file coords_3.cif (mmCIF, N, CA and C atoms)
data_model
#
loop_
_atom_site.label_atom_id
_atom_site.label_comp_id
_atom_site.auth_asym_id
_atom_site.auth_seq_id
_atom_site.Cartn_x
_atom_site.Cartn_y
_atom_site.Cartn_z
N MET A 277 -12.62 -3.79 -4.07
CA MET A 277 -11.81 -4.91 -3.63
C MET A 277 -11.69 -5.98 -4.71
N ARG A 278 -12.65 -6.02 -5.62
CA ARG A 278 -12.57 -7.02 -6.69
C ARG A 278 -11.38 -6.76 -7.59
N LYS A 279 -11.11 -5.49 -7.88
CA LYS A 279 -9.98 -5.17 -8.75
C LYS A 279 -8.67 -5.59 -8.08
N VAL A 280 -8.56 -5.35 -6.79
CA VAL A 280 -7.36 -5.74 -6.05
C VAL A 280 -7.22 -7.25 -6.07
N ALA A 281 -8.30 -7.96 -5.82
CA ALA A 281 -8.26 -9.43 -5.81
C ALA A 281 -7.84 -9.96 -7.18
N ALA A 282 -8.38 -9.38 -8.23
CA ALA A 282 -8.02 -9.82 -9.58
C ALA A 282 -6.54 -9.56 -9.85
N TRP A 283 -6.06 -8.40 -9.45
CA TRP A 283 -4.64 -8.08 -9.64
C TRP A 283 -3.77 -9.08 -8.89
N ARG A 284 -4.12 -9.34 -7.64
CA ARG A 284 -3.32 -10.22 -6.80
C ARG A 284 -3.22 -11.65 -7.34
N GLU A 285 -4.21 -12.05 -8.10
CA GLU A 285 -4.18 -13.40 -8.68
C GLU A 285 -3.09 -13.54 -9.74
N ALA A 286 -2.74 -12.45 -10.40
CA ALA A 286 -1.83 -12.55 -11.53
C ALA A 286 -0.56 -11.72 -11.42
N ARG A 287 -0.55 -10.76 -10.48
CA ARG A 287 0.57 -9.83 -10.43
C ARG A 287 1.00 -9.57 -8.99
N PRO A 288 2.18 -8.98 -8.84
CA PRO A 288 2.69 -8.71 -7.49
C PRO A 288 1.93 -7.58 -6.80
N ALA A 289 1.65 -7.79 -5.52
CA ALA A 289 0.90 -6.80 -4.73
C ALA A 289 1.42 -6.79 -3.30
N PHE A 290 1.40 -5.61 -2.71
CA PHE A 290 1.85 -5.42 -1.32
C PHE A 290 0.77 -4.66 -0.58
N ARG A 291 0.30 -5.21 0.51
CA ARG A 291 -0.76 -4.57 1.29
C ARG A 291 -0.17 -3.79 2.46
N ILE A 292 -0.57 -2.56 2.59
CA ILE A 292 -0.17 -1.71 3.71
C ILE A 292 -0.94 -2.16 4.94
N ASP A 293 -0.22 -2.40 6.02
CA ASP A 293 -0.84 -2.76 7.29
C ASP A 293 -0.76 -1.54 8.21
N PRO A 294 -1.87 -0.83 8.38
CA PRO A 294 -1.81 0.40 9.19
C PRO A 294 -1.44 0.15 10.65
N LEU A 295 -1.81 -0.99 11.19
CA LEU A 295 -1.45 -1.27 12.58
C LEU A 295 0.05 -1.49 12.72
N ALA A 296 0.65 -2.14 11.73
CA ALA A 296 2.11 -2.30 11.75
C ALA A 296 2.79 -0.95 11.64
N ALA A 297 2.28 -0.10 10.77
CA ALA A 297 2.84 1.25 10.63
C ALA A 297 2.71 2.02 11.94
N ALA A 298 1.58 1.88 12.60
CA ALA A 298 1.35 2.58 13.87
C ALA A 298 2.32 2.09 14.94
N ARG A 299 2.72 0.84 14.87
CA ARG A 299 3.68 0.28 15.84
C ARG A 299 5.12 0.66 15.50
N GLY A 300 5.31 1.34 14.36
CA GLY A 300 6.65 1.76 13.99
C GLY A 300 7.38 0.80 13.09
N ALA A 301 6.69 -0.21 12.58
CA ALA A 301 7.32 -1.14 11.65
C ALA A 301 7.71 -0.38 10.38
N PRO A 302 8.79 -0.80 9.73
CA PRO A 302 9.26 -0.09 8.53
C PRO A 302 8.42 -0.44 7.29
N VAL A 303 7.16 -0.12 7.34
CA VAL A 303 6.23 -0.47 6.26
C VAL A 303 6.63 0.17 4.94
N VAL A 304 7.01 1.44 4.99
CA VAL A 304 7.42 2.14 3.77
C VAL A 304 8.63 1.45 3.15
N GLU A 305 9.62 1.16 3.96
CA GLU A 305 10.83 0.52 3.47
C GLU A 305 10.53 -0.86 2.90
N HIS A 306 9.67 -1.62 3.56
CA HIS A 306 9.30 -2.95 3.06
C HIS A 306 8.57 -2.85 1.72
N ALA A 307 7.66 -1.89 1.61
CA ALA A 307 6.92 -1.70 0.36
C ALA A 307 7.87 -1.32 -0.77
N LEU A 308 8.81 -0.43 -0.49
CA LEU A 308 9.76 -0.01 -1.53
C LEU A 308 10.69 -1.15 -1.94
N ALA A 309 11.13 -1.93 -0.99
CA ALA A 309 11.98 -3.08 -1.32
C ALA A 309 11.19 -4.10 -2.15
N PHE A 310 9.95 -4.33 -1.77
CA PHE A 310 9.08 -5.22 -2.53
C PHE A 310 8.95 -4.72 -3.97
N ALA A 311 8.62 -3.44 -4.11
CA ALA A 311 8.42 -2.87 -5.44
C ALA A 311 9.69 -2.93 -6.27
N GLN A 312 10.82 -2.65 -5.65
CA GLN A 312 12.08 -2.57 -6.39
C GLN A 312 12.41 -3.86 -7.11
N GLN A 313 12.14 -4.99 -6.48
CA GLN A 313 12.48 -6.26 -7.11
C GLN A 313 11.70 -6.49 -8.41
N TYR A 314 10.52 -5.92 -8.52
CA TYR A 314 9.72 -6.05 -9.74
C TYR A 314 10.01 -4.91 -10.72
N LEU A 315 10.27 -3.74 -10.19
CA LEU A 315 10.59 -2.60 -11.05
C LEU A 315 11.88 -2.86 -11.82
N ASP A 316 12.81 -3.55 -11.19
CA ASP A 316 14.06 -3.89 -11.87
C ASP A 316 13.80 -4.74 -13.10
N LYS A 317 12.70 -5.47 -13.11
CA LYS A 317 12.33 -6.33 -14.25
C LYS A 317 11.33 -5.63 -15.17
N GLY A 318 10.96 -4.40 -14.84
CA GLY A 318 10.00 -3.67 -15.65
C GLY A 318 8.55 -4.10 -15.43
N GLU A 319 8.29 -4.76 -14.32
CA GLU A 319 6.93 -5.23 -14.02
C GLU A 319 6.18 -4.24 -13.13
N PRO A 320 4.92 -4.00 -13.42
CA PRO A 320 4.13 -3.14 -12.53
C PRO A 320 3.77 -3.86 -11.24
N VAL A 321 3.59 -3.09 -10.20
CA VAL A 321 3.19 -3.64 -8.90
C VAL A 321 2.01 -2.84 -8.37
N LEU A 322 1.33 -3.46 -7.44
CA LEU A 322 0.23 -2.79 -6.74
C LEU A 322 0.61 -2.68 -5.28
N ILE A 323 0.56 -1.47 -4.76
CA ILE A 323 0.74 -1.24 -3.33
C ILE A 323 -0.58 -0.63 -2.87
N TYR A 324 -1.22 -1.29 -1.94
CA TYR A 324 -2.60 -0.91 -1.62
C TYR A 324 -2.88 -0.98 -0.13
N ALA A 325 -3.97 -0.33 0.26
CA ALA A 325 -4.42 -0.35 1.64
C ALA A 325 -5.88 -0.78 1.73
N THR A 326 -6.41 -1.29 0.63
CA THR A 326 -7.80 -1.72 0.61
C THR A 326 -8.04 -2.77 1.68
N ALA A 327 -9.20 -2.67 2.34
CA ALA A 327 -9.55 -3.61 3.39
C ALA A 327 -11.07 -3.77 3.42
N THR A 328 -11.50 -4.83 4.05
CA THR A 328 -12.93 -5.03 4.20
C THR A 328 -13.47 -3.99 5.18
N PRO A 329 -14.77 -3.75 5.13
CA PRO A 329 -15.35 -2.80 6.09
C PRO A 329 -15.06 -3.18 7.55
N ASP A 330 -15.09 -4.46 7.86
CA ASP A 330 -14.80 -4.89 9.24
C ASP A 330 -13.35 -4.62 9.61
N GLU A 331 -12.43 -4.82 8.67
CA GLU A 331 -11.02 -4.54 8.94
C GLU A 331 -10.81 -3.04 9.16
N VAL A 332 -11.45 -2.24 8.33
CA VAL A 332 -11.34 -0.78 8.47
C VAL A 332 -11.86 -0.35 9.84
N LYS A 333 -13.02 -0.86 10.23
CA LYS A 333 -13.60 -0.50 11.53
C LYS A 333 -12.68 -0.90 12.68
N ALA A 334 -12.05 -2.07 12.57
CA ALA A 334 -11.15 -2.53 13.64
C ALA A 334 -9.95 -1.60 13.76
N VAL A 335 -9.39 -1.19 12.64
CA VAL A 335 -8.24 -0.28 12.67
C VAL A 335 -8.68 1.08 13.21
N GLN A 336 -9.83 1.57 12.76
CA GLN A 336 -10.33 2.85 13.24
C GLN A 336 -10.63 2.80 14.74
N HIS A 337 -11.12 1.67 15.20
CA HIS A 337 -11.41 1.52 16.63
C HIS A 337 -10.12 1.60 17.44
N GLU A 338 -9.07 0.95 16.93
CA GLU A 338 -7.80 0.94 17.66
C GLU A 338 -7.05 2.26 17.58
N LEU A 339 -7.06 2.89 16.41
CA LEU A 339 -6.25 4.10 16.20
C LEU A 339 -7.05 5.40 16.25
N GLY A 340 -8.35 5.29 16.05
CA GLY A 340 -9.18 6.48 15.88
C GLY A 340 -9.37 6.71 14.39
N VAL A 341 -10.52 7.23 14.02
CA VAL A 341 -10.86 7.40 12.61
C VAL A 341 -9.87 8.32 11.92
N ASN A 342 -9.63 9.49 12.47
CA ASN A 342 -8.73 10.46 11.83
C ASN A 342 -7.31 9.94 11.76
N GLU A 343 -6.82 9.36 12.84
CA GLU A 343 -5.44 8.86 12.86
C GLU A 343 -5.27 7.72 11.87
N ALA A 344 -6.24 6.83 11.78
CA ALA A 344 -6.15 5.72 10.83
C ALA A 344 -6.07 6.23 9.40
N GLY A 345 -6.94 7.16 9.07
CA GLY A 345 -6.93 7.74 7.72
C GLY A 345 -5.64 8.45 7.42
N TYR A 346 -5.18 9.27 8.36
CA TYR A 346 -3.94 10.00 8.18
C TYR A 346 -2.76 9.05 8.00
N LEU A 347 -2.73 8.01 8.81
CA LEU A 347 -1.62 7.05 8.77
C LEU A 347 -1.55 6.36 7.41
N VAL A 348 -2.68 5.91 6.91
CA VAL A 348 -2.70 5.24 5.60
C VAL A 348 -2.28 6.22 4.51
N GLU A 349 -2.86 7.41 4.52
CA GLU A 349 -2.53 8.39 3.49
C GLU A 349 -1.07 8.81 3.52
N SER A 350 -0.54 9.04 4.70
CA SER A 350 0.86 9.47 4.79
C SER A 350 1.81 8.33 4.42
N THR A 351 1.44 7.11 4.75
CA THR A 351 2.27 5.95 4.38
C THR A 351 2.30 5.81 2.86
N LEU A 352 1.13 5.88 2.23
CA LEU A 352 1.09 5.79 0.77
C LEU A 352 1.83 6.95 0.11
N ALA A 353 1.74 8.14 0.68
CA ALA A 353 2.46 9.29 0.13
C ALA A 353 3.98 9.08 0.23
N SER A 354 4.43 8.55 1.34
CA SER A 354 5.86 8.29 1.51
C SER A 354 6.34 7.23 0.52
N ILE A 355 5.52 6.24 0.28
CA ILE A 355 5.87 5.21 -0.71
C ILE A 355 5.92 5.82 -2.10
N ALA A 356 4.95 6.66 -2.42
CA ALA A 356 4.94 7.31 -3.74
C ALA A 356 6.19 8.16 -3.93
N ARG A 357 6.60 8.89 -2.89
CA ARG A 357 7.83 9.70 -2.97
C ARG A 357 9.04 8.80 -3.19
N GLY A 358 9.09 7.70 -2.45
CA GLY A 358 10.20 6.76 -2.60
C GLY A 358 10.26 6.15 -3.99
N LEU A 359 9.11 5.84 -4.55
CA LEU A 359 9.07 5.30 -5.91
C LEU A 359 9.55 6.34 -6.91
N ARG A 360 9.13 7.56 -6.70
CA ARG A 360 9.55 8.66 -7.58
C ARG A 360 11.07 8.81 -7.54
N GLU A 361 11.64 8.74 -6.36
CA GLU A 361 13.09 8.83 -6.19
C GLU A 361 13.82 7.69 -6.89
N ARG A 362 13.12 6.58 -7.08
CA ARG A 362 13.69 5.42 -7.75
C ARG A 362 13.42 5.42 -9.25
N GLY A 363 12.88 6.52 -9.74
CA GLY A 363 12.69 6.66 -11.17
C GLY A 363 11.31 6.32 -11.69
N VAL A 364 10.40 5.93 -10.83
CA VAL A 364 9.05 5.63 -11.28
C VAL A 364 8.38 6.95 -11.66
N ARG A 365 7.81 6.99 -12.84
CA ARG A 365 7.19 8.22 -13.31
C ARG A 365 5.67 8.13 -13.40
N LYS A 366 5.13 6.94 -13.24
CA LYS A 366 3.68 6.80 -13.34
C LYS A 366 3.17 6.06 -12.10
N VAL A 367 2.42 6.81 -11.31
CA VAL A 367 1.80 6.25 -10.11
C VAL A 367 0.32 6.59 -10.19
N ARG A 368 -0.49 5.58 -10.08
CA ARG A 368 -1.94 5.80 -10.13
C ARG A 368 -2.50 5.72 -8.74
N GLY A 369 -3.34 6.66 -8.43
CA GLY A 369 -4.05 6.62 -7.16
C GLY A 369 -5.29 5.76 -7.29
N GLY A 370 -5.67 5.19 -6.19
CA GLY A 370 -6.85 4.34 -6.20
C GLY A 370 -8.10 5.17 -6.02
N GLY A 371 -9.11 4.52 -5.70
CA GLY A 371 -10.39 5.17 -5.48
C GLY A 371 -11.47 4.12 -5.45
N ARG A 372 -12.63 4.58 -5.25
CA ARG A 372 -13.74 3.63 -5.18
C ARG A 372 -14.36 3.46 -6.53
#

call {"tool": "encode", "arguments": {"input": "coords_3.cif", "output": "structure tokens"}}
result
Amino acid sequence: MRKVAAWREARPAFRIDPLAAARGAPVVEHALAFAQQYLDKGEPVLIYATATPDEVKAVQHELGVNEAGYLVESTLASIARGLRERGVRKVRGGGR
């Protein structure tokens, strides 16, 4: 989370909200629109789903552990596909 916080202080970042995605909000479309405005200027962006342990537990409690994980992963995959379609050739996956 420190790396995300440091990035957010100086650069554009978009956080995936799994509960919004579960409700059917156009999270992928919002993330792609967000990214596009910076990509047009040649600026890198961060699209992330990092959350505190308490936030993760709350989402898992509401959606179920497997569904929460699947939802975040599939949302990020859809965003990565959308970025690729927009000409982005370098996408880095996160990790711990």

call {"tool": "resolve_selection", "arguments": {"input": "coords_3.cif", "expression": "the PyMOL selection byres ((chain A and resi 321) around 8)", "output": "tab-separated table (two decimals) with N, CA and C atoms, keeping the file's coordinate frame"}}
result
chain	number	residue	atom	x	y	z
A	287	ARG	N	-0.55	-10.76	-10.48
A	287	ARG	CA	0.57	-9.83	-10.43
A	287	ARG	C	1.00	-9.57	-8.99
A	288	PRO	N	2.18	-8.98	-8.84
A	288	PRO	CA	2.69	-8.71	-7.49
A	288	PRO	C	1.93	-7.58	-6.80
A	289	ALA	N	1.65	-7.79	-5.52
A	289	ALA	CA	0.90	-6.80	-4.73
A	289	ALA	C	1.42	-6.79	-3.30
A	290	PHE	N	1.40	-5.61	-2.71
A	290	PHE	CA	1.85	-5.42	-1.32
A	290	PHE	C	0.77	-4.66	-0.58
A	310	PHE	N	9.95	-4.33	-1.77
A	310	PHE	CA	9.08	-5.22	-2.53
A	310	PHE	C	8.95	-4.72	-3.97
A	311	ALA	N	8.62	-3.44	-4.11
A	311	ALA	CA	8.42	-2.87	-5.44
A	311	ALA	C	9.69	-2.93	-6.27
A	314	TYR	N	10.52	-5.92	-8.52
A	314	TYR	CA	9.72	-6.05	-9.74
A	314	TYR	C	10.01	-4.91	-10.72
A	315	LEU	N	10.27	-3.74	-10.19
A	315	LEU	CA	10.59	-2.60	-11.05
A	315	LEU	C	11.88	-2.86	-11.82
A	318	GLY	N	10.96	-4.40	-14.84
A	318	GLY	CA	10.00	-3.67	-15.65
A	318	GLY	C	8.55	-4.10	-15.43
A	319	GLU	N	8.29	-4.76	-14.32
A	319	GLU	CA	6.93	-5.23	-14.02
A	319	GLU	C	6.18	-4.24	-13.13
A	320	PRO	N	4.92	-4.00	-13.42
A	320	PRO	CA	4.13	-3.14	-12.53
A	320	PRO	C	3.77	-3.86	-11.24
A	322	LEU	N	1.33	-3.46	-7.44
A	322	LEU	CA	0.23	-2.79	-6.74
A	322	LEU	C	0.61	-2.68	-5.28
A	323	ILE	N	0.56	-1.47	-4.76
A	323	ILE	CA	0.74	-1.24	-3.33
A	323	ILE	C	-0.58	-0.63	-2.87
A	324	TYR	N	-1.22	-1.29	-1.94
A	324	TYR	CA	-2.60	-0.91	-1.62
A	324	TYR	C	-2.88	-0.98	-0.13

call {"tool": "atom_distance", "arguments": {"input": "coords_3.cif", "atom1": "atom N of Arg360 (chain A)", "atom2": "atom N of Asp293 (chain A)"}}
result
18.7 Å

call {"tool": "closest_residue", "arguments": {"input": "coords_3.cif", "among": "A:Glu343, A:Ile355, A:Glu331, A:Gly369", "to": "Val303 (chain A)", "atoms": "only N, CA and C atoms"}}
result
A:Ile355

call {"tool": "select_by_dssp", "arguments": {"input": "coords_3.cif", "residues": "chain A", "states": "alpha helix (DSSP H)", "output": "PyMOL selection string"}}
result
chain A and resi 278-286+294-298+303-315+329-339+341-361

call {"tool": "residues_around", "arguments": {"input": "coords_3.cif", "residues": "Ala353 (chain A)", "least_positions_apart": "5", "cutoff": "12 Å", "atoms": "only C-alpha atoms", "output": "JSON, numbers by chain"}}
result
{"A": [292, 304, 307, 308, 323, 324, 325, 346, 347, 348, 358, 359, 360, 367, 368, 369]}

call {"tool": "write_last_selection", "arguments": {"input": "coords_3.cif", "atoms": "N, CA and C atoms", "output": "compact mmCIF listing (two decimals), in the frame of the given file"}}
result
# COMPACT_ATOMS: atom_id res chain seq x y z
N ILE A 292 -0.57 -2.56 2.59
CA ILE A 292 -0.17 -1.71 3.71
C ILE A 292 -0.94 -2.16 4.94
N VAL A 304 7.01 1.44 4.99
CA VAL A 304 7.42 2.14 3.77
C VAL A 304 8.63 1.45 3.15
N ALA A 307 7.66 -1.89 1.61
CA ALA A 307 6.92 -1.70 0.36
C ALA A 307 7.87 -1.32 -0.77
N LEU A 308 8.81 -0.43 -0.49
CA LEU A 308 9.76 -0.01 -1.53
C LEU A 308 10.69 -1.15 -1.94
N ILE A 323 0.56 -1.47 -4.76
CA ILE A 323 0.74 -1.24 -3.33
C ILE A 323 -0.58 -0.63 -2.87
N TYR A 324 -1.22 -1.29 -1.94
CA TYR A 324 -2.60 -0.91 -1.62
C TYR A 324 -2.88 -0.98 -0.13
N ALA A 325 -3.97 -0.33 0.26
CA ALA A 325 -4.42 -0.35 1.64
C ALA A 325 -5.88 -0.78 1.73
N TYR A 346 -5.18 9.27 8.36
CA TYR A 346 -3.94 10.00 8.18
C TYR A 346 -2.76 9.05 8.00
N LEU A 347 -2.73 8.01 8.81
CA LEU A 347 -1.62 7.05 8.77
C LEU A 347 -1.55 6.36 7.41
N VAL A 348 -2.68 5.91 6.91
CA VAL A 348 -2.70 5.24 5.60
C VAL A 348 -2.28 6.22 4.51
N GLY A 358 9.09 7.70 -2.45
CA GLY A 358 10.20 6.76 -2.60
C GLY A 358 10.26 6.15 -3.99
N LEU A 359 9.11 5.84 -4.55
CA LEU A 359 9.07 5.30 -5.91
C LEU A 359 9.55 6.34 -6.91
N ARG A 360 9.13 7.56 -6.70
CA ARG A 360 9.55 8.66 -7.58
C ARG A 360 11.07 8.81 -7.54
N VAL A 367 2.42 6.81 -11.31
CA VAL A 367 1.80 6.25 -10.11
C VAL A 367 0.32 6.59 -10.19
N ARG A 368 -0.49 5.58 -10.08
CA ARG A 368 -1.94 5.80 -10.13
C ARG A 368 -2.50 5.72 -8.74
N GLY A 369 -3.34 6.66 -8.43
CA GLY A 369 -4.05 6.62 -7.16
C GLY A 369 -5.29 5.76 -7.29

call {"tool": "closest_residue", "arguments": {"input": "coords_3.cif", "among": "A:Arg365, A:Lys333, A:Trp283, A:Glu338", "to": "Ala296 (chain A)", "atoms": "only C-alpha atoms"}}
result
A:Glu338

call {"tool": "resolve_selection", "arguments": {"input": "coords_3.cif", "expression": "the PyMOL selection byres ((chain A and resi 277) around 8)", "output": "list in words"}}
result
Arg278, Lys279, Val280, Ala281, Ala282, Trp283, Thr326, Ala327, Thr328 and Arg372 of chain A

call {"tool": "atom_distance", "arguments": {"input": "coords_3.cif", "atom1": "CA of Leu295 (chain A)", "atom2": "CA of Gly363 (chain A)"}}
result
28.8 Å

call {"tool": "closest_residue", "arguments": {"input": "coords_3.cif", "among": "A:Asn342, A:Lys366, A:Ser354, A:Asp330", "to": "Glu305 (chain A)", "atoms": "all atoms listed in the file"}}
result
A:Ser354

call {"tool": "atom_distance", "arguments": {"input": "coords_3.cif", "atom1": "atom N of Gln336 (chain A)", "atom2": "atom N of Glu285 (chain A)"}}
result
25.5 Å

call {"tool": "closest_residue", "arguments": {"input": "coords_3.cif", "among": "A:Pro294, A:Asp316, A:Ala309, A:Pro302", "to": "Val341 (chain A)", "atoms": "only C-alpha atoms"}}
result
A:Pro294

call {"tool": "select_by_dssp", "arguments": {"input": "coords_3.cif", "residues": "chain A", "states": "strand (DSSP E or B)", "output": "PyMOL selection string"}}
result
chain A and resi 289-291+322-324

call {"tool": "axis_aligned_box", "arguments": {"input": "coords_3.cif", "around": "region 326-331 of chain A", "padding_each_side": "5 Å", "output": "AutoDock Vina command-line options"}}
result
--center_x -10.9 --center_y -3.2 --center_z 5.1 --size_x 18.9 --size_y 13.7 --size_z 19.0
